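*Asks:* Could you have a look at this structure, given as structure tokens, before my questions?
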Amino acid sequence: MTFDILHDELRRREDQTLAPFATRSGDSRGRVHDEPEHAFRLPFQRDRDRVIHSTAFRRLEYKTQVFVNHEGDYYRTRLTHSIEAGQITRTLCRVLGLNEDLGEAVALSHDLGHTPFGHAGERVLNKLMEPYGGFEHNAQSLRIVDLLEERYPAFPGLNLSWEVREGIVKHSSEYDRPLVQSFEPGVQPVLEAQIVDFADEIAYNAHDIDDGLKSAMLEERDLAGVALWAEARDWVRAQHAGASETIQRYQTVRRIIDRLVTDMIATIGERVEAHGIRSLADVRRCRIRLAGFSTAMAEANRELKQTLFDRLYRHHRVMRMTVKAQRVMADLFHTYMDEPHQMPPHVHRRIEEGEPQARVVADYIAGMTDRFAFDEYKKLFDPYERV
């Protein structure tokens, strides 16, 4: 079989197996920089692979999810979170007949632009950047894949497909409005991208319960009144009464994920039917987002999220690290703004070439891992630290 025939066969399989409202490779609006098609990988698969091989993706291994990297090797990081969100996205796409490669590419790239120290780092960098256009991690993710990654001789960035780039910007229901002007703000994103917003939420709710209980910052009594947890815990105890507490905890979290995913599949199916969705164009023109939970499950999920916020994210140990991280980010920013030559030559060179200094500084800090930021802080402010 020649490669041309193989490529055509792969597209034919898409046409035969995907739902009418899924995004096919043939629907893609292409890339900013024209490239020849690959012999045996369709466009969205190439996009996913490019994200996995990117420097920004590897750095997620040492970026905070809730717990700063040095607090323990077994807590989730931005990398493991992205992988878990990608797995849930694949499951949803497969059951619903959507394009798994596209959904996974968006899921794996959705956090590339996150700063060190999680959402706390993003909040402080946004505040510092207010006079210069602000900072938002979805916008930064797009900036990374469009400009900052250096891997190809013919163009900057990763040159991802239009649909993946749109998904990075629009997967969340609250996205940066100025940025989205280039991606048809008046229409819905493809369903594969809509799903990522909820897969992201399912993943972090589940693993934050797991990590919170492991760390003892969260206790089971904190969750006792949460309907999703209580139902899952009772079911697991009835089914696996002789299992250890560790296994029962894992199985409880697993059941919560299963309930949320199952509800979402059913809800999307109902909405597709209710709104007469028969094509990709119907998805984009629909007045509502099709991805989501049922009314009852959405309320149960809100209850779980509020408990995690109150009991885990506001825990004094998390708050102490948050304040410490904010101080590190602010001091680094002001130092580089006052004397940009303290950044490496390849970074400072961008300022000499005409890029706005504040944006270059923000790019540099946002790209840091937790431990690199701490190390850089020590080098700048500890007189006994070797530079």
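Residue numbers start at 1 in each chain; chains themselves are named A, B, ... in the order of the structure tokens; ligands are numbered from 1 in the order shown.
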Can you pull out every residue from stretch 175-205 of chain A that DSSP, working from the backbone, puts in alpha helix (DSSP H), and format the result as number ranges by chain?
*Replies:* A: 177-180, 191-205
*Asks:* May I have the residues from that selection written out with all heavy atoms, as a short mmCIF file (atom, residue, chain, number, x, y, z; two decimals), in the first residue's frame?
*Replies:*
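This went into part.cif:
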data_model
loop_
_atom_site.label_atom_id
_atom_site.label_comp_id
_atom_site.auth_asym_id
_atom_site.auth_seq_id
_atom_site.Cartn_x
_atom_site.Cartn_y
_atom_site.Cartn_z
N ARG A 177 -11.51 37.47 25.97
CA ARG A 177 -12.26 38.01 24.84
C ARG A 177 -11.39 38.68 23.76
O ARG A 177 -11.60 38.44 22.58
CB ARG A 177 -13.31 39.01 25.34
CG ARG A 177 -14.45 38.32 26.08
CD ARG A 177 -15.28 37.49 25.14
NE ARG A 177 -16.28 36.72 25.85
CZ ARG A 177 -17.12 35.88 25.28
NH1 ARG A 177 -17.07 35.68 23.99
NH2 ARG A 177 -18.00 35.20 25.99
N PRO A 178 -10.40 39.52 24.12
CA PRO A 178 -9.58 40.11 23.05
C PRO A 178 -8.89 39.05 22.19
O PRO A 178 -8.84 39.16 20.97
CB PRO A 178 -8.56 40.96 23.82
CG PRO A 178 -9.24 41.29 25.10
CD PRO A 178 -10.05 40.07 25.44
N LEU A 179 -8.39 38.00 22.83
CA LEU A 179 -7.68 36.96 22.10
C LEU A 179 -8.60 36.19 21.17
O LEU A 179 -8.23 35.81 20.07
CB LEU A 179 -7.02 35.99 23.09
CG LEU A 179 -6.25 34.82 22.51
CD1 LEU A 179 -5.04 35.31 21.72
CD2 LEU A 179 -5.81 33.87 23.61
N VAL A 180 -9.83 35.97 21.62
CA VAL A 180 -10.73 35.10 20.87
C VAL A 180 -11.28 35.75 19.60
O VAL A 180 -11.92 35.08 18.80
CB VAL A 180 -11.89 34.65 21.80
CG1 VAL A 180 -13.02 35.65 21.82
CG2 VAL A 180 -12.40 33.27 21.40
N LEU A 191 -17.20 20.39 19.53
CA LEU A 191 -17.61 19.65 20.73
C LEU A 191 -16.41 19.00 21.42
O LEU A 191 -16.37 18.88 22.64
CB LEU A 191 -18.66 18.60 20.35
CG LEU A 191 -19.37 17.85 21.49
CD1 LEU A 191 -19.87 18.80 22.57
CD2 LEU A 191 -20.51 17.03 20.92
N GLU A 192 -15.41 18.59 20.64
CA GLU A 192 -14.20 18.01 21.24
C GLU A 192 -13.54 19.00 22.21
O GLU A 192 -13.06 18.61 23.28
CB GLU A 192 -13.20 17.62 20.15
CG GLU A 192 -13.62 16.43 19.31
CD GLU A 192 -14.49 16.80 18.12
OE1 GLU A 192 -14.98 17.96 18.04
OE2 GLU A 192 -14.67 15.92 17.25
N ALA A 193 -13.51 20.29 21.83
CA ALA A 193 -12.92 21.30 22.70
C ALA A 193 -13.82 21.61 23.89
O ALA A 193 -13.33 21.84 25.01
CB ALA A 193 -12.64 22.58 21.90
N GLN A 194 -15.13 21.63 23.67
CA GLN A 194 -16.05 21.87 24.79
C GLN A 194 -15.87 20.82 25.88
O GLN A 194 -15.92 21.12 27.08
CB GLN A 194 -17.50 21.84 24.29
CG GLN A 194 -17.88 22.96 23.35
CD GLN A 194 -19.36 22.88 22.97
OE1 GLN A 194 -20.20 22.53 23.78
NE2 GLN A 194 -19.66 23.21 21.71
N ILE A 195 -15.67 19.58 25.48
CA ILE A 195 -15.52 18.48 26.43
C ILE A 195 -14.30 18.67 27.32
O ILE A 195 -14.32 18.32 28.51
CB ILE A 195 -15.44 17.15 25.65
CG1 ILE A 195 -16.85 16.71 25.25
CG2 ILE A 195 -14.74 16.07 26.45
CD1 ILE A 195 -16.89 15.52 24.34
N VAL A 196 -13.23 19.26 26.79
CA VAL A 196 -12.00 19.40 27.55
C VAL A 196 -12.22 20.21 28.82
O VAL A 196 -11.65 19.91 29.87
CB VAL A 196 -10.89 20.04 26.68
CG1 VAL A 196 -9.67 20.42 27.52
CG2 VAL A 196 -10.48 19.09 25.56
N ASP A 197 -13.05 21.24 28.76
CA ASP A 197 -13.31 22.07 29.94
C ASP A 197 -13.82 21.22 31.09
O ASP A 197 -13.42 21.39 32.25
CB ASP A 197 -14.32 23.15 29.58
CG ASP A 197 -14.42 24.24 30.65
OD1 ASP A 197 -13.44 24.44 31.38
OD2 ASP A 197 -15.48 24.88 30.73
N PHE A 198 -14.69 20.25 30.80
CA PHE A 198 -15.27 19.42 31.85
C PHE A 198 -14.36 18.26 32.22
O PHE A 198 -14.30 17.86 33.38
CB PHE A 198 -16.65 18.92 31.40
CG PHE A 198 -17.66 20.02 31.32
CD1 PHE A 198 -17.83 20.75 30.15
CD2 PHE A 198 -18.41 20.38 32.42
CE1 PHE A 198 -18.74 21.80 30.08
CE2 PHE A 198 -19.33 21.41 32.36
CZ PHE A 198 -19.49 22.13 31.19
N ALA A 199 -13.62 17.72 31.25
CA ALA A 199 -12.64 16.68 31.57
C ALA A 199 -11.58 17.24 32.50
O ALA A 199 -11.12 16.56 33.44
CB ALA A 199 -12.00 16.15 30.28
N ASP A 200 -11.17 18.47 32.27
CA ASP A 200 -10.23 19.18 33.13
C ASP A 200 -10.77 19.24 34.56
O ASP A 200 -10.09 18.92 35.53
CB ASP A 200 -10.02 20.58 32.55
CG ASP A 200 -9.12 21.46 33.38
OD1 ASP A 200 -8.19 20.93 34.03
OD2 ASP A 200 -9.33 22.69 33.39
N GLU A 201 -12.03 19.63 34.69
CA GLU A 201 -12.65 19.78 36.01
C GLU A 201 -12.82 18.43 36.70
O GLU A 201 -12.56 18.30 37.91
CB GLU A 201 -14.00 20.47 35.85
CG GLU A 201 -14.65 20.87 37.15
CD GLU A 201 -15.86 21.75 36.92
OE1 GLU A 201 -15.75 22.75 36.17
OE2 GLU A 201 -16.93 21.43 37.48
N ILE A 202 -13.26 17.43 35.97
CA ILE A 202 -13.42 16.09 36.55
C ILE A 202 -12.07 15.59 37.07
O ILE A 202 -11.97 15.05 38.18
CB ILE A 202 -13.98 15.11 35.50
CG1 ILE A 202 -15.43 15.47 35.16
CG2 ILE A 202 -13.91 13.68 36.02
CD1 ILE A 202 -15.99 14.73 33.96
N ALA A 203 -11.03 15.78 36.28
CA ALA A 203 -9.70 15.31 36.67
C ALA A 203 -9.21 16.01 37.92
O ALA A 203 -8.75 15.35 38.87
CB ALA A 203 -8.70 15.52 35.51
N TYR A 204 -9.30 17.34 37.96
CA TYR A 204 -8.72 18.00 39.14
C TYR A 204 -9.56 17.82 40.39
O TYR A 204 -9.03 17.74 41.50
CB TYR A 204 -8.33 19.46 38.87
CG TYR A 204 -9.41 20.49 38.67
CD1 TYR A 204 -10.30 20.83 39.69
CD2 TYR A 204 -9.49 21.19 37.48
CE1 TYR A 204 -11.25 21.82 39.49
CE2 TYR A 204 -10.45 22.19 37.27
CZ TYR A 204 -11.33 22.49 38.29
OH TYR A 204 -12.27 23.47 38.11
N ASN A 205 -10.88 17.73 40.27
CA ASN A 205 -11.68 17.44 41.46
C ASN A 205 -11.29 16.08 42.04
O ASN A 205 -11.10 15.94 43.25
CB ASN A 205 -13.17 17.42 41.11
CG ASN A 205 -13.77 18.81 41.01
OD1 ASN A 205 -13.17 19.79 41.40
ND2 ASN A 205 -14.97 18.89 40.46
#
*Asks:* Name all residues at most 12 Å from A:Ala107 (count only C-alpha atoms; drop same-chain ones fewer than 4 positions away) and give them as a ChimeraX atom specification.
*Replies:* /A:47-48,51-52,57,78-90,93,100-103,111-112,138,141,164-165,167-172,192-201,203
*Asks:* Name the residues in contact with A:Asp310 at a cut-off of 12 Å, using only C-alpha atoms, excluding same-chain residues fewer than 6 positions from it; report them as an MDAnalysis selection string.
*Replies:* chainID A and resid 217:218 222:223 303:304 316 318:319
*Asks:* Take the residues from that selection and write them out as a CSV table (one decimal), in the first residue's frame, keeping N, CA and C atoms.
*Replies:*
chain,number,residue,atom,x,y,z
A,217,MET,N,-4.2,17.0,54.6
A,217,MET,CA,-4.8,18.4,54.7
A,217,MET,C,-6.3,18.3,54.5
A,218,LEU,N,-6.8,17.2,54.0
A,218,LEU,CA,-8.2,17.0,53.8
A,218,LEU,C,-8.5,15.7,54.6
A,222,ASP,N,-14.4,15.8,56.4
A,222,ASP,CA,-14.6,17.1,55.6
A,222,ASP,C,-15.6,16.8,54.5
A,223,LEU,N,-15.5,15.5,54.0
A,223,LEU,CA,-16.3,15.2,52.8
A,223,LEU,C,-17.6,14.5,53.1
A,303,GLU,N,-21.1,21.4,44.8
A,303,GLU,CA,-21.0,21.2,46.2
A,303,GLU,C,-19.6,20.6,46.5
A,304,LEU,N,-19.1,19.7,45.7
A,304,LEU,CA,-17.8,19.1,45.9
A,304,LEU,C,-16.7,20.2,45.7
A,316,HIS,N,-4.3,26.1,55.8
A,316,HIS,CA,-3.2,27.0,56.1
A,316,HIS,C,-1.8,26.7,55.5
A,318,VAL,N,-1.4,25.2,52.5
A,318,VAL,CA,-1.5,25.6,51.1
A,318,VAL,C,-1.4,27.2,51.0
A,319,MET,N,-2.1,27.9,51.9
A,319,MET,CA,-2.1,29.3,51.9
A,319,MET,C,-0.7,29.9,52.2
*Asks:* Report, in Å to a single decimal, how far apart atom CA of A:Asn99 and atom CA of A:Ala266 are.
*Replies:*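 Separation between atom CA of A:Ala266 and atom CA of A:Asn99: 18.0 Å.
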*Asks:* Mind pulling up the distance from atom CA of A:Ala300 to atom CA of A:Leu260?
*Replies:* 9.7 Å
*Asks:* Set the distance at 8 Å and use only C-alpha atoms: which residues neighbour stretch 282-297 of chain A once local chain neighbours fewer than 3 positions away are removed? I'd like the list as number ranges by chain.
*Replies:* A: 21, 187-191, 194-195, 198, 260, 263-264, 267-268, 271-272, 275-279, 300-301
